[in-house]
>>> print(open('final23.txt').read())   # compact mmCIF, C-alpha atoms
# COMPACT_ATOMS: atom_id res chain seq x y z
CA MET L 346 -24.60 1.06 -8.31
CA ALA L 347 -21.45 1.98 -6.41
CA GLU L 348 -23.54 2.48 -3.33
CA ALA L 349 -24.85 -1.07 -3.57
CA VAL L 350 -21.29 -2.33 -3.88
CA TYR L 351 -20.26 -0.59 -0.67
CA ILE L 352 -23.21 -2.05 1.18
CA LEU L 353 -22.31 -5.49 -0.12
CA CYS L 354 -18.68 -5.06 0.94
CA ALA L 355 -19.73 -3.87 4.37
CA LEU L 356 -22.05 -6.87 4.78
CA THR L 357 -19.38 -9.30 3.60
CA SER L 358 -16.91 -7.81 6.07
CA VAL L 359 -19.44 -8.14 8.85
CA ALA L 360 -20.05 -11.78 7.92
CA CYS L 361 -16.32 -12.54 7.96
CA ALA L 362 -15.94 -10.72 11.26
CA VAL L 363 -18.78 -12.71 12.82
CA LEU L 364 -17.37 -16.05 11.63
CA LEU L 365 -13.86 -15.25 12.77
CA LEU L 366 -14.86 -13.87 16.16
CA ARG L 367 -17.15 -16.84 16.72
CA GLY L 368 -14.20 -19.08 15.95
CA TYR L 369 -12.13 -17.12 18.43
CA ARG L 370 -14.74 -17.55 21.12
CA ARG L 371 -14.77 -21.29 20.55
CA SER L 372 -11.08 -22.01 20.31
CA GLY L 373 -9.27 -19.07 21.88
CA MET L 374 -6.93 -18.79 18.89
CA ARG L 375 -5.56 -15.27 18.83
CA LEU L 376 -5.16 -15.17 15.05
CA LEU L 377 -8.93 -15.35 14.78
CA LEU L 378 -9.30 -12.40 17.11
CA TRP L 379 -6.99 -10.20 15.07
CA SER L 380 -8.45 -11.16 11.73
CA GLY L 381 -11.95 -10.72 13.12
CA LEU L 382 -11.08 -7.21 14.30
CA CYS L 383 -9.56 -6.49 10.89
CA PHE L 384 -12.85 -7.27 9.20
CA VAL L 385 -14.78 -5.24 11.74
CA THR L 386 -12.59 -2.28 10.85
CA LEU L 387 -13.00 -2.93 7.14
CA ALA L 388 -16.75 -3.04 7.63
CA ILE L 389 -16.70 0.32 9.41
CA SER L 390 -14.44 1.71 6.70
CA ASN L 391 -16.91 0.61 4.03
CA VAL L 392 -19.76 2.21 5.94
CA VAL L 393 -17.79 5.45 6.22
CA LEU L 394 -17.14 5.19 2.50
CA PHE L 395 -20.84 4.89 1.85
CA VAL L 396 -21.59 7.81 4.14
CA ASP L 397 -18.86 9.93 2.57
CA LEU L 398 -20.08 9.49 -0.95
CA VAL L 399 -23.80 9.26 -0.47
CA VAL L 400 -24.96 10.88 2.71
CA VAL L 401 -22.61 13.70 3.49
CA PRO L 402 -22.42 16.95 1.45
CA GLU L 403 -19.69 17.52 -1.11
CA ASP L 404 -17.52 19.82 0.93
CA VAL L 405 -16.93 17.33 3.72
CA ASP L 406 -14.18 14.90 2.88
CA LEU L 407 -13.93 11.74 4.89
CA SER L 408 -11.36 10.10 2.67
CA LEU L 409 -8.56 10.47 5.21
CA ILE L 410 -10.65 8.78 7.89
CA ARG L 411 -11.57 6.01 5.47
CA SER L 412 -8.00 5.28 4.51
CA SER L 413 -6.79 5.46 8.08
CA LEU L 414 -9.45 3.02 9.19
CA GLY L 415 -8.52 0.68 6.36
CA LEU L 416 -4.88 0.88 7.34
CA VAL L 417 -5.61 0.19 10.99
CA GLY L 418 -7.65 -2.86 10.04
CA VAL L 419 -5.09 -4.40 7.72
CA ALA L 420 -2.30 -3.55 10.18
CA ILE L 421 -4.14 -5.48 12.90
CA LEU L 422 -4.43 -8.47 10.58
CA LEU L 423 -0.77 -8.23 9.65
CA TYR L 424 0.20 -8.09 13.32
CA GLY L 425 -1.82 -11.25 13.96
CA LEU L 426 -0.34 -13.04 10.95
CA ILE L 427 3.20 -12.21 12.02
CA TRP L 428 2.95 -12.91 15.75
CA ASP L 429 0.15 -15.40 16.20
CA ALA L 430 0.21 -17.66 13.18
CA GLN L 431 3.21 -19.84 13.95
CA MET K 1497 -2.72 -43.71 6.18
CA SER K 1498 -3.39 -43.88 9.88
CA ASP K 1499 -5.46 -40.74 9.45
CA ALA K 1500 -8.31 -42.74 8.03
CA VAL K 1501 -9.14 -44.48 11.29
CA ILE K 1502 -9.54 -41.24 13.20
CA PRO K 1503 -12.92 -39.58 12.69
CA PRO K 1504 -12.78 -36.12 11.06
CA ARG K 1505 -14.21 -34.37 14.09
CA VAL K 1506 -11.52 -35.87 16.29
CA GLN K 1507 -8.87 -34.91 13.76
CA ARG K 1508 -10.13 -31.37 13.78
CA PHE K 1509 -10.25 -31.26 17.56
CA ILE K 1510 -6.69 -32.54 17.87
CA SER K 1511 -5.40 -30.13 15.22
CA THR K 1512 -7.04 -27.26 17.00
CA HIS K 1513 -6.31 -28.01 20.64
CA ILE K 1514 -3.85 -30.85 21.22
CA ASP K 1515 -0.18 -30.45 20.51
CA SER K 1516 1.29 -33.01 22.88
CA ILE K 1517 0.56 -36.38 24.46
CA GLU K 1518 0.85 -34.72 27.83
CA LYS K 1519 -1.94 -32.30 27.08
CA LEU K 1520 -4.09 -35.13 25.78
CA GLU K 1521 -3.54 -37.19 28.93
CA VAL K 1522 -4.30 -34.25 31.20
CA LEU K 1523 -7.52 -33.52 29.37
CA LEU K 1524 -8.67 -37.13 29.39
CA LEU K 1525 -7.71 -37.57 33.04
CA LEU K 1526 -9.83 -34.62 34.09
CA ARG K 1527 -12.68 -35.89 31.99
CA ALA K 1528 -12.48 -39.41 33.41
CA ARG K 1529 -12.66 -38.05 36.94
CA ALA K 1530 -14.89 -35.09 36.22
CA GLU K 1531 -16.58 -35.23 39.60
CA ARG K 1532 -13.60 -33.79 41.44
CA GLU K 1533 -11.38 -30.78 41.10
CA TRP K 1534 -7.72 -31.15 40.29
CA GLY K 1535 -4.73 -29.06 41.19
CA ALA K 1536 -1.42 -29.13 39.36
CA ARG K 1537 0.12 -31.28 42.06
CA ASP K 1538 -2.64 -33.91 41.86
CA VAL K 1539 -2.26 -34.13 38.11
CA SER K 1540 1.52 -34.34 38.31
CA GLN K 1541 1.31 -37.20 40.80
CA GLU K 1542 -1.31 -39.06 38.81
CA LEU K 1543 0.43 -38.77 35.47
CA ARG K 1544 4.00 -38.71 36.77
CA ILE K 1545 4.94 -35.44 35.14
CA THR K 1546 6.48 -32.37 36.69
CA GLU K 1547 4.17 -30.05 38.55
CA ALA K 1548 5.23 -27.12 36.36
CA SER K 1549 4.28 -29.04 33.23
CA ALA K 1550 0.96 -29.99 34.72
CA ALA K 1551 0.23 -26.40 35.65
CA ALA K 1552 1.08 -25.19 32.17
CA ARG K 1553 -1.16 -27.79 30.51
CA LEU K 1554 -4.04 -27.02 32.87
CA GLU K 1555 -3.79 -23.31 32.17
CA ASP K 1556 -3.64 -23.88 28.44
CA LEU K 1557 -6.68 -26.15 28.46
CA THR K 1558 -8.56 -23.60 30.55
CA ALA K 1559 -7.71 -20.88 28.05
CA ARG K 1560 -9.21 -23.12 25.38
CA ARG K 1561 -12.39 -23.29 27.42
CA LEU K 1562 -12.16 -27.02 27.97
CA LEU K 1563 -11.62 -26.75 31.70
CA ALA K 1564 -13.05 -24.47 34.33
CA VAL K 1565 -10.77 -22.96 36.95
CA ARG K 1566 -11.45 -22.00 40.51
CA GLU K 1567 -9.00 -19.32 41.51
CA GLY K 1568 -7.03 -19.79 44.66
CA THR K 1569 -3.58 -20.78 45.81
CA PRO K 1570 -3.26 -23.23 44.28
CA PRO K 1571 -6.00 -22.93 41.64
CA SER K 1572 -8.05 -26.04 40.98
CA TYR K 1573 -9.47 -27.22 37.70
CA ARG K 1574 -12.43 -29.21 36.55
CA PHE K 1575 -13.44 -30.70 33.21
CA SER K 1576 -16.03 -28.29 31.88
CA PRO K 1577 -16.11 -27.67 28.14
CA ALA K 1578 -17.77 -24.44 27.13
CA SER K 1579 -19.77 -25.96 24.30
CA SER K 1580 -21.56 -29.25 23.89
CA GLU K 1581 -19.74 -29.78 20.62
CA ASP K 1582 -16.45 -29.71 22.48
CA ALA K 1583 -17.83 -32.17 25.01
CA GLN K 1584 -18.83 -34.52 22.21
CA ASP K 1585 -15.47 -34.07 20.52
CA VAL K 1586 -13.66 -35.06 23.70
CA SER K 1587 -15.88 -38.13 24.10
CA ALA K 1588 -15.10 -39.15 20.56
CA LEU K 1589 -11.45 -38.48 21.25
CA GLN K 1590 -11.47 -40.65 24.37
CA GLU K 1591 -13.11 -43.47 22.46
CA THR K 1592 -10.68 -43.22 19.57
CA TYR K 1593 -7.73 -43.03 21.92
CA SER K 1594 -8.73 -46.12 23.82
CA THR K 1595 -9.15 -48.19 20.68
CA ARG K 1596 -6.50 -46.63 18.48
CA ARG K 1597 -3.84 -45.29 20.73
CA VAL K 1598 -0.97 -45.52 18.25
CA SER K 1599 -2.90 -43.81 15.46
CA VAL K 1600 -3.83 -40.90 17.68
CA ILE K 1601 -0.27 -40.51 18.91
CA SER K 1602 1.20 -40.52 15.42
CA PHE K 1603 -1.48 -38.09 14.31
CA ILE K 1604 -0.52 -35.68 17.07
CA PHE K 1605 3.10 -35.84 16.01
CA SER K 1606 2.48 -35.57 12.31
CA LYS K 1607 0.18 -32.56 12.45
CA PRO K 1608 1.74 -29.75 14.42
CA LEU K 1609 -0.70 -27.44 16.17
CA ASP K 1610 -2.19 -25.53 13.35
CA LYS K 1611 -3.57 -22.12 14.01
CA VAL K 1612 -3.74 -21.71 10.30
CA ARG K 1613 -6.21 -24.55 10.12
CA GLY K 1614 -8.25 -22.86 12.81
CA PHE K 1615 -8.56 -19.86 10.52
CA ALA K 1616 -9.88 -22.00 7.70
CA ASP K 1617 -12.22 -23.88 10.01
CA ALA K 1618 -13.72 -20.66 11.33
CA PHE K 1619 -15.39 -20.21 7.95
CA ARG K 1620 -17.38 -23.40 8.18
CA LEU K 1621 -20.90 -22.25 8.72
CA LYS K 1622 -22.09 -25.50 10.22
CA ARG K 1623 -19.77 -27.25 12.55
CA ASP K 1624 -20.52 -30.88 11.81
CA LYS K 1625 -21.11 -30.57 8.12
CA ASP K 1626 -18.64 -33.27 7.22
CA GLU K 1627 -19.78 -35.90 9.67
CA GLY K 1628 -21.22 -38.01 6.90
CA HIS K 1629 -18.01 -38.11 4.93
CA GLY K 1630 -14.94 -40.26 5.54
CA MET F 133 -4.22 21.63 7.26
CA MET F 134 -4.90 20.92 3.64
CA GLU F 135 -1.21 20.34 3.08
CA THR F 136 -0.94 17.89 5.93
CA THR F 137 -3.84 15.96 4.51
CA ALA F 138 -2.32 16.06 1.05
CA MET F 139 0.90 14.69 2.50
CA LEU F 140 -0.68 12.02 4.62
CA LYS F 141 -2.95 10.44 2.06
CA PRO F 142 -0.32 9.11 -0.34
CA MET F 143 1.63 7.79 2.64
CA ILE F 144 -1.39 5.98 4.07
CA HIS F 145 -2.29 4.61 0.66
CA GLY F 146 1.26 3.42 0.16
CA ALA F 147 1.23 1.74 3.55
CA LEU F 148 -2.08 0.09 2.66
CA VAL F 149 -0.73 -1.26 -0.62
CA MET F 150 2.23 -2.83 1.19
CA ALA F 151 0.17 -4.15 4.10
CA CYS F 152 -2.38 -5.80 1.80
CA LEU F 153 0.38 -7.36 -0.27
CA ALA F 154 2.10 -8.61 2.87
CA CYS F 155 -1.13 -10.22 4.06
CA ALA F 156 -1.60 -11.76 0.63
CA LEU F 157 1.89 -13.24 0.88
CA PHE F 158 1.10 -14.76 4.26
CA PHE F 159 -2.05 -16.29 2.88
CA LEU F 160 -0.07 -17.69 -0.04
CA ARG F 161 2.31 -19.34 2.39
CA PHE F 162 -0.58 -20.86 4.34
CA TRP F 163 -2.04 -22.17 1.11
CA ARG F 164 1.21 -23.86 0.26
CA ALA F 165 1.47 -25.37 3.74
CA SER F 166 -2.09 -26.57 4.11
CA ARG F 167 -3.32 -27.02 0.52
CA ASP F 168 -6.57 -25.48 1.60
CA ARG F 169 -8.09 -23.45 -1.23
CA ILE F 170 -9.56 -20.83 1.06
CA PHE F 171 -6.12 -19.32 1.62
CA ALA F 172 -5.52 -18.95 -2.10
CA PHE F 173 -8.78 -17.02 -2.34
CA PHE F 174 -7.90 -14.76 0.57
CA ALA F 175 -4.48 -14.13 -0.95
CA LEU F 176 -6.17 -13.11 -4.17
CA ALA F 177 -8.68 -10.92 -2.36
CA PHE F 178 -6.00 -9.01 -0.48
CA ALA F 179 -3.84 -8.66 -3.59
CA VAL F 180 -6.82 -7.15 -5.39
CA MET F 181 -7.43 -4.87 -2.41
CA SER F 182 -3.91 -3.56 -2.71
CA LEU F 183 -4.60 -2.90 -6.39
CA ASN F 184 -7.56 -0.81 -5.30
CA TRP F 185 -5.41 1.42 -3.12
CA MET F 186 -2.73 1.63 -5.77
CA ALA F 187 -5.25 2.75 -8.35
CA LEU F 188 -6.71 5.38 -6.03
CA THR F 189 -3.30 6.95 -5.50
CA LEU F 190 -2.02 6.73 -9.04
CA LEU F 191 -5.20 8.17 -10.49
CA GLN F 192 -5.35 10.77 -7.73
CA VAL F 193 -9.02 10.52 -7.08
CA ASP F 194 -10.88 10.21 -3.85
CA ASP F 195 -14.13 9.12 -5.31
CA GLU F 196 -14.18 5.51 -6.33
CA ARG F 197 -17.14 6.11 -8.53
CA ARG F 198 -14.75 7.71 -10.96
CA HIS F 199 -13.34 5.32 -13.47
CA PHE F 200 -15.46 2.58 -11.94
CA LEU F 201 -12.74 1.95 -9.39
CA TYR F 202 -15.25 0.45 -7.03
CA ILE F 203 -15.33 -2.58 -9.31
CA ILE F 204 -11.90 -3.51 -8.01
CA ARG F 205 -13.20 -3.44 -4.45
CA LEU F 206 -16.22 -5.45 -5.53
CA VAL F 207 -14.00 -8.14 -7.04
CA SER F 208 -12.00 -8.62 -3.88
CA PHE F 209 -15.11 -9.02 -1.74
CA LEU F 210 -16.75 -11.32 -4.27
CA VAL F 211 -13.65 -13.50 -4.08
CA ILE F 212 -14.05 -13.67 -0.30
CA LEU F 213 -17.73 -14.56 -0.60
CA TYR F 214 -16.89 -17.26 -3.10
CA ALA F 215 -14.19 -18.60 -0.77
CA ILE F 216 -16.71 -18.94 2.05
CA TRP F 217 -19.22 -20.60 -0.23
CA ASP F 218 -16.57 -22.95 -1.55
CA LYS F 219 -15.59 -23.88 2.00
CA ASN F 220 -19.11 -24.91 2.83
CA ARG F 221 -20.09 -26.91 -0.19
CA ALA F 222 -20.89 -30.54 0.38
CA GLY F 223 -18.22 -32.90 -0.87
CA ARG F 224 -15.50 -30.39 -0.22
CA GLY F 225 -12.54 -30.81 -2.52
CA SER F 226 -10.01 -29.16 -0.25
CA SER F 227 -8.15 -30.94 2.48
CA PRO F 228 -10.07 -31.97 5.62
>>> encode(input="final23.txt", output="structure tokens")
Amino acid sequence: MAEAVYILCALTSVACAVLLLRGYRRSGMRLLLWSGLCFVTLAISNVVLFVDLVVVPEDVDLSLIRSSLGLVGVAILLYGLIWDAQ
Amino acid sequence: MSDAVIPPRVQRFISTHIDSIEKLEVLLLLRARAEREWGARDVSQELRITEASAAARLEDLTARRLLAVREGTPPSYRFSPASSEDAQDVSALQETYSTRRVSVISFIFSKPLDKVRGFADAFRLKRDKDEGHG
Amino acid sequence: MMETTAMLKPMIHGALVMACLACALFFLRFWRASRDRIFAFFALAFAVMSLNWMALTLLQVDDERRHFLYIIRLVSFLVILYAIWDKNRAGRGSSP
């Protein structure tokens, strides 16, 4: 159940990333680049989450990597919102 | 009010790319004479603006993938939109501008360049979905 | 090494809570300026995301399957999916 949720979240993030980066390619608006990259990072973070809980054995803990990735992603978005959104 | 006479696709194009009359004129000039290449000096003489302004507009429009640049000193520019949708948008814009100049001008001034709107528009899955609506 | 990790995690989670809330605030501002519903949805999604990180820290678990925490994450992404769907419906209610 949880595993399906993580897959869904990863797919949603990928969809958002694709839409935003496509918008960036069309219009050159930097905000779209940063938010697109944010969702790419969130997608990766969700995949790592899935791997951490489902694939990898109990003694390996990827939670620090997960959180760091999440933070990097949201930080990129925040940077874009502050500098490139007028 | 005056928004109603401007087609939605033109409104969207202006909100996304056009923040000044100068930029609009530069874009339409290069489109009208698309067969030749333009440098900043040519544009400044044709439109009677400063060469620095012309250069800045040309660079900006190139960054938006509406013009193509040939590097050099000085660089020269040509009307060359990256996508056919952009080309159609500019045609519609030219047509609207020639019939409704005042409306377009007041639209440009009333809607400041909106990157925020670009964010929202990025999530439209199909570009011309609203062509049938008013 | 374990201690460094134990120190870092709450800090990163705290930073995430703040960053998500800050993004949500930006989206709220955009919603007010543009009246476009999609920003309200994104604000909600990021606010819920920050709840997720807050819950993880306060409950001191790493595994979201505990306490069904992953539901929070699911909600935020469902909100985003709904926002995209809403944006693309015919006869859009939000501003052009």
>>> residues_around(input="final23.txt", residues="range 400-407 of chain L", least_positions_apart="2", cutoff="12 Å", atoms="only C-alpha atoms", output="list in words")
Glu348, Ser390, Asn391, Val392, Val393, Leu394, Phe395, Val396, Asp397, Leu398, Leu409, Ile410, Arg411, Ser412, Ser413 and Leu414 of chain L; Met134, Thr137, Lys141, Asp194 and Asp195 of chain F
>>> interface_residues(input="final23.txt", of="chain F", to="chain L", cutoff="6 Å", atoms="all atoms listed in the file", output="VMD selection string")
chain F and resid 148 155 209
>>> residues_around(input="final23.txt", residues="Asp1582 in chain K", least_positions_apart="2", cutoff="10 Å", atoms="all atoms listed in the file", output="mmCIF file with C-alpha atoms, keeping the file's coordinate frame")
data_model
loop_
_atom_site.group_PDB
_atom_site.id
_atom_site.type_symbol
_atom_site.label_atom_id
_atom_site.label_comp_id
_atom_site.auth_asym_id
_atom_site.auth_seq_id
_atom_site.Cartn_x
_atom_site.Cartn_y
_atom_site.Cartn_z
ATOM 1 C CA ARG L 371 -14.770 -21.290 20.550
ATOM 2 C CA SER L 372 -11.080 -22.010 20.310
ATOM 3 C CA ARG K 1505 -14.210 -34.370 14.090
ATOM 4 C CA PHE K 1509 -10.250 -31.260 17.560
ATOM 5 C CA ARG K 1561 -12.390 -23.290 27.420
ATOM 6 C CA LEU K 1562 -12.160 -27.020 27.970
ATOM 7 C CA SER K 1576 -16.030 -28.290 31.880
ATOM 8 C CA PRO K 1577 -16.110 -27.670 28.140
ATOM 9 C CA ALA K 1578 -17.770 -24.440 27.130
ATOM 10 C CA SER K 1579 -19.770 -25.960 24.300
ATOM 11 C CA SER K 1580 -21.560 -29.250 23.890
ATOM 12 C CA GLN K 1584 -18.830 -34.520 22.210
ATOM 13 C CA ASP K 1585 -15.470 -34.070 20.520
ATOM 14 C CA VAL K 1586 -13.660 -35.060 23.700
ATOM 15 C CA SER K 1587 -15.880 -38.130 24.100
ATOM 16 C CA ALA K 1588 -15.100 -39.150 20.560
#
>>> closest_atom_pairs(input="final23.txt", of="chain L", to="chain K", cutoff="7 Å", atoms="all atoms listed in the file", output="JSON lines")
{"residue": "L:Leu364", "atom": "CA", "partner": "K:Ala1618", "partner_atom": "CA", "distance": 5.9}
{"residue": "L:Leu365", "atom": "CA", "partner": "K:Ala1618", "partner_atom": "CA", "distance": 5.6}
{"residue": "L:Gly368", "atom": "CA", "partner": "K:Ala1618", "partner_atom": "CA", "distance": 4.9}
{"residue": "L:Ser372", "atom": "CA", "partner": "K:Arg1560", "partner_atom": "CA", "distance": 5.5}
{"residue": "L:Gly373", "atom": "CA", "partner": "K:Arg1560", "partner_atom": "CA", "distance": 5.4}
{"residue": "L:Met374", "atom": "CA", "partner": "K:Lys1611", "partner_atom": "CA", "distance": 6.8}
{"residue": "L:Leu377", "atom": "CA", "partner": "K:Phe1615", "partner_atom": "CA", "distance": 6.2}
{"residue": "L:Ala430", "atom": "CA", "partner": "K:Lys1611", "partner_atom": "CA", "distance": 5.9}
>>> atom_distance(input="final23.txt", atom1="CA of Phe1605 in chain K", atom2="CA of Arg370 in chain L")
26.1 Å
>>> axis_aligned_box(input="final23.txt", around="range 140-157 of chain F", padding_each_side="8 Å", output="AutoDock Vina command-line options")
--center_x -0.4 --center_y -0.6 --center_z 2.0 --size_x 21.2 --size_y 41.3 --size_z 21.2
>>> interface_residues(input="final23.txt", of="chain F", to="chain K", cutoff="10 Å", atoms="all atoms listed in the file", output="PyMOL selection string")
chain F and resi 159+162-163+165-166+168-171+215-224+228
>>> atom_distance(input="final23.txt", atom1="CA of Thr386 in chain L", atom2="CA of Arg167 in chain F")
28.4 Å
>>> residues_around(input="final23.txt", residues="Glu1555 in chain K", least_positions_apart="2", cutoff="12 Å", atoms="only C-alpha atoms", output="list of chain:residue names")
K:Lys1519, K:Val1522, K:Leu1523, K:Trp1534, K:Gly1535, K:Ala1536, K:Ala1548, K:Ser1549, K:Ala1550, K:Ala1551, K:Ala1552, K:Arg1553, K:Leu1557, K:Thr1558, K:Ala1559, K:Arg1560, K:Arg1561, K:Leu1562, K:Leu1563, K:Ala1564, K:Val1565, K:Arg1566, K:Glu1567, K:Pro1571, K:Ser1572, K:Tyr1573, K:Arg1574
>>> atom_distance(input="final23.txt", atom1="CA of Phe384 in chain L", atom2="CA of Ala362 in chain L")
5.1 Å
>>> closest_residue(input="final23.txt", among="L:Val399, L:Val363, L:Cys383, L:Asp429", to="Cys152 in chain F", atoms="only C-alpha atoms")
L:Cys383
>>> decode(input="final23.txt", residues="range 1559-1577 of chain K", atoms="N, CA and C atoms", output="compact mmCIF listing (two decimals), in the first residue's frame")
# COMPACT_ATOMS: atom_id res chain seq x y z
N ALA K 1559 16.59 35.17 -26.46
CA ALA K 1559 16.54 34.27 -25.31
C ALA K 1559 15.18 33.59 -25.21
N ARG K 1560 14.15 34.25 -25.69
CA ARG K 1560 12.82 33.66 -25.68
C ARG K 1560 12.56 32.78 -26.90
N ARG K 1561 13.61 32.57 -27.67
CA ARG K 1561 13.54 31.70 -28.83
C ARG K 1561 12.55 32.19 -29.88
N LEU K 1562 12.45 33.50 -30.01
CA LEU K 1562 11.62 34.05 -31.07
C LEU K 1562 12.47 34.53 -32.23
N LEU K 1563 13.73 34.82 -31.92
CA LEU K 1563 14.66 35.23 -32.97
C LEU K 1563 15.84 34.27 -32.97
N ALA K 1564 16.51 34.23 -34.13
CA ALA K 1564 17.75 33.47 -34.19
C ALA K 1564 18.89 34.46 -34.34
N VAL K 1565 20.01 34.16 -33.70
CA VAL K 1565 21.14 35.09 -33.74
C VAL K 1565 22.30 34.47 -34.49
N ARG K 1566 22.98 35.31 -35.27
CA ARG K 1566 24.24 34.87 -35.84
C ARG K 1566 25.33 35.65 -35.13
N GLU K 1567 26.19 34.93 -34.44
CA GLU K 1567 27.22 35.60 -33.65
C GLU K 1567 28.16 36.36 -34.55
N GLY K 1568 28.71 37.41 -34.01
CA GLY K 1568 29.67 38.19 -34.78
C GLY K 1568 29.82 39.51 -34.09
N THR K 1569 30.62 40.40 -34.64
CA THR K 1569 30.64 41.78 -34.12
C THR K 1569 30.27 42.72 -35.25
N PRO K 1570 29.09 43.23 -35.25
CA PRO K 1570 28.01 43.01 -34.30
C PRO K 1570 27.18 41.77 -34.65
N PRO K 1571 26.50 41.17 -33.70
CA PRO K 1571 25.66 40.02 -34.01
C PRO K 1571 24.44 40.45 -34.82
N SER K 1572 23.93 39.58 -35.65
CA SER K 1572 22.74 39.92 -36.42
C SER K 1572 21.63 38.91 -36.13
N TYR K 1573 20.42 39.40 -36.24
CA TYR K 1573 19.26 38.64 -35.79
C TYR K 1573 18.27 38.47 -36.91
N ARG K 1574 17.53 37.36 -36.79
CA ARG K 1574 16.51 37.08 -37.80
C ARG K 1574 15.29 36.53 -37.10
N PHE K 1575 14.09 36.83 -37.67
CA PHE K 1575 12.87 36.30 -37.07
C PHE K 1575 12.83 34.79 -37.31
N SER K 1576 12.81 34.03 -36.23
CA SER K 1576 12.86 32.58 -36.37
C SER K 1576 12.32 31.91 -35.12
N PRO K 1577 11.01 31.87 -34.96
CA PRO K 1577 10.48 31.29 -33.73
C PRO K 1577 10.76 29.79 -33.66
